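Some notes on the structure that comes next.
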Amino acid sequence: MAFGQYEDDSAALFFNDHPEETFSGWIVRLRPKDPYYGSKPDWKPVLAETFEQLNVYDEMILYYLLFTINSTLSINIHNTYSEMNDVMKKYSFLQLSHLHDITCLNASQKQSLRDFFFFIYLYAHPVNDETLYACTFDQQRLIHTNTGIPLEDYFVAYYNHYTTHRDEHAEHIVISADEIQACKALTLELLQVIEGRSPKLIIPSIKSLEPAIQLINDVDGMLKLYKDDPAAFCQIIRDLLADVMMDVTCETNASADSDSDTTANTDTLEVAAEGASVNSRSYRDYCFTVLLQNYASYILFFDFNEIQVLIDAFQDTPMECRFIISKMFTDTIFLNKIIRQQEIDLNEYPEVTRFFNEQATEWFL
C-alpha cells in the first residue's frame, strides 16, 4: 500500500495493485444491512457462528468501529468542519499512544484522559451515538460492552472470514487474500496504538522546531518543565509563535496585495519564507496547534485556573496573547468539552475572554 492524494488535498492509503481501492474503503461494499431501516431484521450476523451473543445491531456498530479505526490513515479536508474533525481525531490517536508511558499523572488521571481522548477520537470521525458509547476499556483492551467481545478478537475473525470466503464475495472484494491479511495486521497495529499496547508514536523533529517537538513527544518532560519553570515553557511557545505569526503576516500581506503588483508580491513571499517551504510552514503550525492542545489537555483539563499562567506570560503583548488564546479555544472542541464537563463559567474569567477573537467570542460567549 502507498499513500495517494486527491485533488482537494485529502489523502488515503491505496493498494499498489489496485490503485482505485483504499485500505479504509474496500470494506464499505461489505457493509451489513442496516437493521434500523425496513422491516424487523430476519437475518443473522456474518460472524454469528463465531460469536453467538452477537446480533445484527452489534454487527453494524462493530463495522462502524472498524471503518473508523481504518480511516485513521486517511486525511479528510473537504471543508473547515471536516478539517477540524481530522485534526482532533489524529491528535487524539497520537495522545492515546502516549498515555501509558506518562509517569507525572496518576492512574486515575490517565484513565480520565484516556476516556476523553477516545471519546474525541470517535466523535470527530464522526460516529453515531450508539457507536460513540459502544466500547469500554478493560485495562488495555477495548471491549464491545453489549457483547463482551474484545475488538481485537472480532477484527481478527472478520478478516479471517473474508480471507477464507473471498471467492464467495468476488463481486465485492477486488483485493487478494494476502492483501486482506495485510489489512488485518495494519488494523491490529492501529488498535494497539489506541489501547496503549504499542510503543508511543512520535512526530519527526526538524532543527528549527526541536524544543517544541521535544515537549510534544515527551509529555512527562512538558509537565515537569511547566511545573519547575513555567516561564521557560512559555518561552518555547513564544519562540514558536514568532515563526507562526510571521507566516500569518506573510499570508495576510499576500492576500492584500493579490490585486496589485504581482511581481512585488512574489518577491515579498520569497523573502519572508526564505528557507521555509509551504510544507515546513504547515508543519510549524501543526506543532503549534499540538503544543497548545497539549497545554489544554494535560494542564487545563485538571485545573482550568492554570490558564492564568499563560495570560500572565503574554498579556504585555496583547496581539500575541489574543492569537494564542483564540487559537487554543477554536482549533478544536477540547476546551469546549472541558468547560462543559467541568461546568466552568467563562463569565468568571474576564481576563481570558478579553483576548477572544470574533470566532472565540461567537463560540463561547
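Ordering of the C-alpha cells sets the chain letters (A, B, ...); residue numbers start at 1 within each chain; ligands are numbered from 1 in the order shown.
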Within 12 Å of Asp153 of chain A using only C-alpha atoms, minus same-chain residues under 5 positions, as a PDB file with N, CA and C atoms, in the first residue's frame:
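Saved result, part08.pdb, follows:
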ATOM      1  N   LEU A  47     -20.776 -13.193  11.379  1.00  0.00           N
ATOM      2  CA  LEU A  47     -19.939 -13.947  12.318  1.00  0.00           C
ATOM      3  C   LEU A  47     -20.750 -14.538  13.469  1.00  0.00           C
ATOM      4  N   THR A  50     -19.312 -17.646  15.130  1.00  0.00           N
ATOM      5  CA  THR A  50     -18.118 -17.414  15.952  1.00  0.00           C
ATOM      6  C   THR A  50     -18.482 -16.730  17.264  1.00  0.00           C
ATOM      7  N   PHE A  51     -19.427 -15.794  17.184  1.00  0.00           N
ATOM      8  CA  PHE A  51     -19.840 -15.036  18.368  1.00  0.00           C
ATOM      9  C   PHE A  51     -21.359 -15.174  18.530  1.00  0.00           C
ATOM     10  N   LEU A  62     -20.003  -2.645  15.222  1.00  0.00           N
ATOM     11  CA  LEU A  62     -18.629  -3.133  15.088  1.00  0.00           C
ATOM     12  C   LEU A  62     -18.066  -2.822  13.704  1.00  0.00           C
ATOM     13  N   ARG A 141      -7.449  -3.216  26.939  1.00  0.00           N
ATOM     14  CA  ARG A 141      -8.203  -3.866  25.865  1.00  0.00           C
ATOM     15  C   ARG A 141      -9.533  -3.154  25.697  1.00  0.00           C
ATOM     16  N   LEU A 142      -9.890  -2.890  24.463  1.00  0.00           N
ATOM     17  CA  LEU A 142     -11.200  -2.315  24.173  1.00  0.00           C
ATOM     18  C   LEU A 142     -12.208  -3.446  23.992  1.00  0.00           C
ATOM     19  N   ILE A 143     -13.307  -3.341  24.726  1.00  0.00           N
ATOM     20  CA  ILE A 143     -14.339  -4.367  24.713  1.00  0.00           C
ATOM     21  C   ILE A 143     -15.643  -3.770  24.203  1.00  0.00           C
ATOM     22  N   HIS A 144     -16.318  -4.484  23.296  1.00  0.00           N
ATOM     23  CA  HIS A 144     -17.657  -4.079  22.902  1.00  0.00           C
ATOM     24  C   HIS A 144     -18.573  -4.414  24.069  1.00  0.00           C
ATOM     25  N   GLY A 148     -19.462  -8.093  25.170  1.00  0.00           N
ATOM     26  CA  GLY A 148     -18.267  -8.542  25.875  1.00  0.00           C
ATOM     27  C   GLY A 148     -17.163  -9.012  24.943  1.00  0.00           C
ATOM     28  N   TYR A 158     -13.162 -11.270  11.680  1.00  0.00           N
ATOM     29  CA  TYR A 158     -13.733 -10.596  10.498  1.00  0.00           C
ATOM     30  C   TYR A 158     -12.812 -10.773   9.292  1.00  0.00           C
ATOM     31  N   TYR A 159     -11.551 -10.430   9.454  1.00  0.00           N
ATOM     32  CA  TYR A 159     -10.607 -10.529   8.328  1.00  0.00           C
ATOM     33  C   TYR A 159     -10.383 -11.982   7.917  1.00  0.00           C
ATOM     34  N   ASN A 160     -10.313 -12.865   8.889  1.00  0.00           N
ATOM     35  CA  ASN A 160     -10.106 -14.286   8.551  1.00  0.00           C
ATOM     36  C   ASN A 160     -11.303 -14.851   7.793  1.00  0.00           C
ATOM     37  N   LYS A 184      -5.531  -6.815   7.981  1.00  0.00           N
ATOM     38  CA  LYS A 184      -5.726  -7.264   9.365  1.00  0.00           C
ATOM     39  C   LYS A 184      -4.556  -6.835  10.231  1.00  0.00           C
ATOM     40  N   THR A 187      -4.754  -3.037  10.801  1.00  0.00           N
ATOM     41  CA  THR A 187      -5.847  -2.688  11.723  1.00  0.00           C
ATOM     42  C   THR A 187      -5.456  -2.994  13.162  1.00  0.00           C
ATOM     43  N   LEU A 188      -4.836  -4.143  13.382  1.00  0.00           N
ATOM     44  CA  LEU A 188      -4.442  -4.519  14.739  1.00  0.00           C
ATOM     45  C   LEU A 188      -3.361  -3.594  15.277  1.00  0.00           C
ATOM     46  N   LEU A 191      -5.245  -0.517  16.358  1.00  0.00           N
ATOM     47  CA  LEU A 191      -5.984  -0.800  17.584  1.00  0.00           C
ATOM     48  C   LEU A 191      -5.056  -0.818  18.792  1.00  0.00           C
TER      49      LEU A 191
END
Taking 4 positions as the minimum chain separation for residues in the same chain, which residues sit within 12 Å of Ala177 of chain A when counting only C-alpha atoms? Answer as a list in words. Tyr159, Asn160, His161, Tyr162, Thr163, Thr164, His165, Arg166, Asp167, His169, Ala170, Ile173, Gln181, Ala182, Cys183 and Lys184 of chain A
Quick one: pull the distance between atom CA of Gln308 of chain A and atom CA of Val352 of chain A, Å, one decimal.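 Spanning atom CA of Gln308 of chain A to atom CA of Val352 of chain A is a straight-line distance of 7.9 Å.
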Distance query Asn336 of chain A at most 12 Å, only C-alpha atoms, self and fewer than 5 positions along chain excluded, as a list in words: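 These residues fall inside the cut-off: Ile120, Gln293, Ala296, Ser297, Leu300, Phe301, Phe304, Met328, Phe329, Thr330, Asp331, Gln341, Gln342, Glu343, Ile344, Asp345, Leu346, Ala360, Trp363, Phe364 and Leu365 of chain A.
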Write the residues of the preceding selection, restricted to C-alpha atoms, as a PDB file, in the first residue's frame.
ATOM      1  CA  ILE A 120     -12.979  12.699  20.892  1.00  0.00           C
ATOM      2  CA  GLN A 293      -3.798  21.479  22.748  1.00  0.00           C
ATOM      3  CA  ALA A 296      -5.279  22.358  27.293  1.00  0.00           C
ATOM      4  CA  SER A 297      -5.440  18.559  27.601  1.00  0.00           C
ATOM      5  CA  LEU A 300      -6.156  22.894  31.921  1.00  0.00           C
ATOM      6  CA  PHE A 301      -8.061  19.595  31.896  1.00  0.00           C
ATOM      7  CA  PHE A 304      -8.535  25.412  34.349  1.00  0.00           C
ATOM      8  CA  MET A 328      -6.314  27.251  21.695  1.00  0.00           C
ATOM      9  CA  PHE A 329     -10.072  27.710  22.115  1.00  0.00           C
ATOM     10  CA  THR A 330     -11.094  27.368  18.454  1.00  0.00           C
ATOM     11  CA  ASP A 331      -8.691  24.939  16.756  1.00  0.00           C
ATOM     12  CA  GLN A 341     -17.792  18.804  31.551  1.00  0.00           C
ATOM     13  CA  GLN A 342     -16.436  20.791  34.499  1.00  0.00           C
ATOM     14  CA  GLU A 343     -19.254  23.373  34.447  1.00  0.00           C
ATOM     15  CA  ILE A 344     -16.841  26.291  34.126  1.00  0.00           C
ATOM     16  CA  ASP A 345     -18.437  29.726  33.755  1.00  0.00           C
ATOM     17  CA  LEU A 346     -16.261  31.797  31.433  1.00  0.00           C
ATOM     18  CA  ALA A 360     -13.962  32.500  20.033  1.00  0.00           C
ATOM     19  CA  TRP A 363     -18.420  30.080  20.227  1.00  0.00           C
ATOM     20  CA  PHE A 364     -18.126  30.684  23.949  1.00  0.00           C
ATOM     21  CA  LEU A 365     -19.904  33.908  24.935  1.00  0.00           C
TER      22      LEU A 365
END
List as a VMD selection string the protein and nucleic acid residues near Thr80 of chain A, meaning an atom at most 12 Å away when only C-alpha atoms are counted, but skip any in the same chain fewer than 4 places from it. chain A and resid 76 84 to 87 330 to 332
Which one is closest to Leu201 of chain A: A:Leu99, A:Val244, A:Ala124, A:Ile299? Count only C-alpha atoms.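 Nearest candidate to Leu201 of chain A out of A:Leu99, A:Val244, A:Ala124, A:Ile299: A:Leu99.
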By how many Å are atom CA of Leu122 of chain A and atom CA of Asn55 of chain A apart?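 Atom CA of Asn55 of chain A lies at a distance of 21.9 Å from atom CA of Leu122 of chain A.
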Filtered DSSP result for segment 64-277 of chain A, state alpha helix (DSSP H), as a compact mmCIF listing (two decimals) with C-alpha atoms, in the first residue's frame:
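Here's the written file result_25.txt:
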# COMPACT_ATOMS: atom_id res chain seq x y z
CA TYR A 64 -18.56 1.34 12.13
CA LEU A 65 -15.77 0.90 14.66
CA LEU A 66 -13.63 -0.99 12.16
CA PHE A 67 -14.18 1.65 9.49
CA THR A 68 -13.42 4.43 11.97
CA ILE A 69 -10.14 2.84 13.04
CA ASN A 70 -9.03 2.10 9.49
CA THR A 80 -13.40 23.57 7.57
CA TYR A 81 -15.63 21.23 9.59
CA SER A 82 -14.04 18.04 8.25
CA GLU A 83 -10.55 19.53 8.58
CA MET A 84 -11.11 20.29 12.28
CA ASN A 85 -12.51 16.81 12.85
CA ASP A 86 -9.48 15.31 11.14
CA VAL A 87 -7.11 17.32 13.36
CA MET A 88 -8.94 16.23 16.51
CA LYS A 89 -9.09 12.57 15.53
CA LYS A 90 -5.39 12.40 14.63
CA TYR A 91 -4.43 14.37 17.74
CA SER A 92 -6.42 12.02 19.99
CA PHE A 93 -4.87 9.00 18.29
CA LEU A 94 -1.39 10.41 18.97
CA GLN A 95 -2.17 11.11 22.63
CA LEU A 96 -3.70 7.68 23.21
CA SER A 97 -0.31 6.24 22.24
CA HIS A 98 1.43 8.40 24.87
CA ALA A 107 -3.69 6.08 37.22
CA SER A 108 -6.99 7.91 37.74
CA GLN A 109 -5.82 10.95 35.79
CA LYS A 110 -4.59 8.79 32.92
CA GLN A 111 -7.87 6.90 32.83
CA SER A 112 -9.82 10.19 32.69
CA LEU A 113 -7.67 11.39 29.80
CA ARG A 114 -7.91 8.04 28.01
CA ASP A 115 -11.71 8.21 28.14
CA PHE A 116 -11.58 11.84 26.99
CA PHE A 117 -9.27 11.18 24.04
CA PHE A 118 -11.12 8.04 22.95
CA PHE A 119 -14.42 9.91 23.06
CA ILE A 120 -12.98 12.70 20.89
CA TYR A 121 -11.37 10.15 18.56
CA LEU A 122 -14.77 8.60 17.81
CA TYR A 123 -16.78 11.82 17.99
CA ASP A 129 -24.33 7.82 19.48
CA GLU A 130 -24.65 4.03 19.57
CA THR A 131 -21.08 3.67 18.29
CA LEU A 132 -19.76 6.54 20.42
CA LEU A 151 -12.40 -5.62 19.44
CA GLU A 152 -9.18 -7.44 18.62
CA ASP A 153 -10.93 -10.82 18.60
CA TYR A 154 -13.75 -9.53 16.42
CA PHE A 155 -11.45 -7.87 13.88
CA VAL A 156 -9.28 -10.99 13.61
CA ALA A 157 -12.36 -13.15 12.99
CA TYR A 158 -13.73 -10.60 10.50
CA TYR A 159 -10.61 -10.53 8.33
CA ASN A 160 -10.11 -14.29 8.55
CA HIS A 161 -13.70 -14.88 7.46
CA TYR A 162 -13.34 -12.76 4.33
CA THR A 163 -9.94 -14.28 3.59
CA THR A 164 -11.42 -17.77 3.70
CA ALA A 177 -6.40 -12.87 0.31
CA ASP A 178 -2.85 -11.82 1.18
CA GLU A 179 -3.89 -8.17 0.99
CA ILE A 180 -6.82 -8.86 3.32
CA GLN A 181 -4.37 -10.33 5.80
CA ALA A 182 -2.13 -7.28 5.41
CA CYS A 183 -5.15 -5.14 6.28
CA LYS A 184 -5.73 -7.26 9.36
CA ALA A 185 -2.17 -6.68 10.53
CA LEU A 186 -2.46 -2.94 9.98
CA THR A 187 -5.85 -2.69 11.72
CA LEU A 188 -4.44 -4.52 14.74
CA GLU A 189 -1.47 -2.14 14.83
CA LEU A 190 -3.86 0.81 14.88
CA LEU A 191 -5.98 -0.80 17.58
CA GLN A 192 -2.94 -1.46 19.75
CA VAL A 193 -1.97 2.20 19.50
CA ILE A 194 -5.43 3.22 20.72
CA GLU A 195 -5.30 0.67 23.54
CA GLU A 210 13.36 20.93 18.27
CA PRO A 211 12.34 22.47 21.66
CA ALA A 212 8.61 22.38 20.85
CA ILE A 213 8.72 18.91 19.29
CA GLN A 214 10.64 17.57 22.27
CA LEU A 215 7.78 18.68 24.54
CA ILE A 216 5.19 17.18 22.17
CA ASN A 217 6.98 13.83 22.07
CA VAL A 219 4.56 14.69 27.82
CA ASP A 220 6.37 13.96 31.07
CA GLY A 221 9.07 16.40 30.04
CA MET A 222 6.45 19.03 29.20
CA LEU A 223 4.70 18.62 32.56
CA LYS A 224 7.96 18.72 34.50
CA LEU A 225 9.15 21.83 32.68
CA TYR A 226 5.83 23.57 33.24
CA LYS A 227 5.89 22.70 36.95
CA ASP A 228 9.54 23.64 37.53
CA PRO A 230 6.66 27.85 33.64
CA ALA A 231 8.49 30.86 32.20
CA ALA A 232 10.75 28.54 30.18
CA PHE A 233 7.70 26.63 28.95
CA CYS A 234 6.02 29.88 27.85
CA GLN A 235 9.24 30.97 26.14
CA ILE A 236 9.13 27.89 23.92
CA ILE A 237 5.57 28.85 22.97
CA ARG A 238 6.73 32.43 22.35
CA ASP A 239 9.60 31.33 20.11
CA LEU A 240 7.32 29.06 18.09
CA LEU A 241 4.67 31.75 17.95
CA ALA A 242 7.10 34.24 16.42
CA ASP A 243 7.57 31.99 13.38
CA VAL A 244 3.85 31.19 13.14
CA MET A 245 2.92 34.87 13.33
CA MET A 246 5.43 35.60 10.57
CA ASP A 247 3.68 33.05 8.39
CA VAL A 248 0.27 34.58 9.15
CA THR A 249 1.58 38.08 8.34
CA CYS A 250 3.12 36.79 5.14
CA GLU A 251 -0.16 35.19 4.03
CA THR A 252 -2.17 38.29 5.00
CA ASN A 253 0.12 40.55 3.03
CA ALA A 254 -0.03 38.22 0.06
CA SER A 255 -3.83 38.30 0.12
CA ALA A 256 -3.98 42.08 0.45
CA THR A 262 2.11 40.54 -8.68
CA THR A 263 5.89 40.64 -9.07
CA ALA A 264 6.37 42.59 -5.85
CA ASN A 265 4.04 40.22 -4.06
CA THR A 266 6.04 37.21 -5.24
CA ASP A 267 9.28 38.81 -4.11
CA THR A 268 7.83 39.56 -0.69
CA LEU A 269 6.67 35.98 -0.25
CA GLU A 270 10.03 34.60 -1.29
CA VAL A 271 11.90 36.81 1.15
CA ALA A 272 9.51 36.23 4.05
List the spatial neighbours of Glu171 of chain A as a VMD selection string - criterion: any atom at most 12 Å away, only C-alpha atoms, same-chain residues fewer than 5 positions off excluded. chain A and resid 26 29 to 30 166
Written file, previous selection with all heavy atoms, as a PDB file, in the first residue's frame:
ATOM      1  N   TRP A  26     -12.328  -0.504   1.118  1.00  0.00           N
ATOM      2  CA  TRP A  26     -12.754  -1.761   0.479  1.00  0.00           C
ATOM      3  C   TRP A  26     -13.842  -2.478   1.274  1.00  0.00           C
ATOM      4  O   TRP A  26     -14.637  -3.232   0.710  1.00  0.00           O
ATOM      5  CB  TRP A  26     -11.556  -2.681   0.251  1.00  0.00           C
ATOM      6  CG  TRP A  26     -10.987  -3.337   1.484  1.00  0.00           C
ATOM      7  CD1 TRP A  26     -10.037  -2.830   2.310  1.00  0.00           C
ATOM      8  CD2 TRP A  26     -11.335  -4.620   2.015  1.00  0.00           C
ATOM      9  NE1 TRP A  26      -9.777  -3.701   3.336  1.00  0.00           N
ATOM     10  CE2 TRP A  26     -10.552  -4.817   3.178  1.00  0.00           C
ATOM     11  CE3 TRP A  26     -12.235  -5.622   1.641  1.00  0.00           C
ATOM     12  CZ2 TRP A  26     -10.644  -5.964   3.956  1.00  0.00           C
ATOM     13  CZ3 TRP A  26     -12.326  -6.771   2.417  1.00  0.00           C
ATOM     14  CH2 TRP A  26     -11.530  -6.935   3.552  1.00  0.00           C
ATOM     15  N   ARG A  29     -18.167  -1.994   0.724  1.00  0.00           N
ATOM     16  CA  ARG A  29     -19.067  -2.832  -0.080  1.00  0.00           C
ATOM     17  C   ARG A  29     -19.512  -4.083   0.678  1.00  0.00           C
ATOM     18  O   ARG A  29     -20.360  -4.830   0.193  1.00  0.00           O
ATOM     19  CB  ARG A  29     -18.390  -3.199  -1.404  1.00  0.00           C
ATOM     20  CG  ARG A  29     -18.305  -2.023  -2.377  1.00  0.00           C
ATOM     21  CD  ARG A  29     -17.766  -2.452  -3.733  1.00  0.00           C
ATOM     22  NE  ARG A  29     -16.380  -2.861  -3.642  1.00  0.00           N
ATOM     23  CZ  ARG A  29     -15.347  -2.021  -3.652  1.00  0.00           C
ATOM     24  NH1 ARG A  29     -15.564  -0.709  -3.731  1.00  0.00           N
ATOM     25  NH2 ARG A  29     -14.100  -2.447  -3.565  1.00  0.00           N
ATOM     26  N   LEU A  30     -18.908  -4.321   1.836  1.00  0.00           N
ATOM     27  CA  LEU A  30     -19.308  -5.451   2.679  1.00  0.00           C
ATOM     28  C   LEU A  30     -20.128  -4.982   3.875  1.00  0.00           C
ATOM     29  O   LEU A  30     -20.409  -5.766   4.784  1.00  0.00           O
ATOM     30  CB  LEU A  30     -18.057  -6.188   3.185  1.00  0.00           C
ATOM     31  CG  LEU A  30     -17.128  -6.753   2.106  1.00  0.00           C
ATOM     32  CD1 LEU A  30     -15.844  -7.274   2.733  1.00  0.00           C
ATOM     33  CD2 LEU A  30     -17.826  -7.858   1.320  1.00  0.00           C
ATOM     34  N   ARG A 166     -13.324 -15.383   0.449  1.00  0.00           N
ATOM     35  CA  ARG A 166     -13.146 -14.298  -0.522  1.00  0.00           C
ATOM     36  C   ARG A 166     -13.843 -14.598  -1.850  1.00  0.00           C
ATOM     37  O   ARG A 166     -14.509 -13.729  -2.421  1.00  0.00           O
ATOM     38  CB  ARG A 166     -11.661 -14.041  -0.760  1.00  0.00           C
ATOM     39  CG  ARG A 166     -11.391 -12.937  -1.786  1.00  0.00           C
ATOM     40  CD  ARG A 166      -9.942 -12.858  -2.193  1.00  0.00           C
ATOM     41  NE  ARG A 166      -9.794 -11.900  -3.270  1.00  0.00           N
ATOM     42  CZ  ARG A 166     -10.047 -12.142  -4.547  1.00  0.00           C
ATOM     43  NH1 ARG A 166     -10.492 -13.355  -4.897  1.00  0.00           N
ATOM     44  NH2 ARG A 166      -9.900 -11.215  -5.474  1.00  0.00           N
TER      45      ARG A 166
END
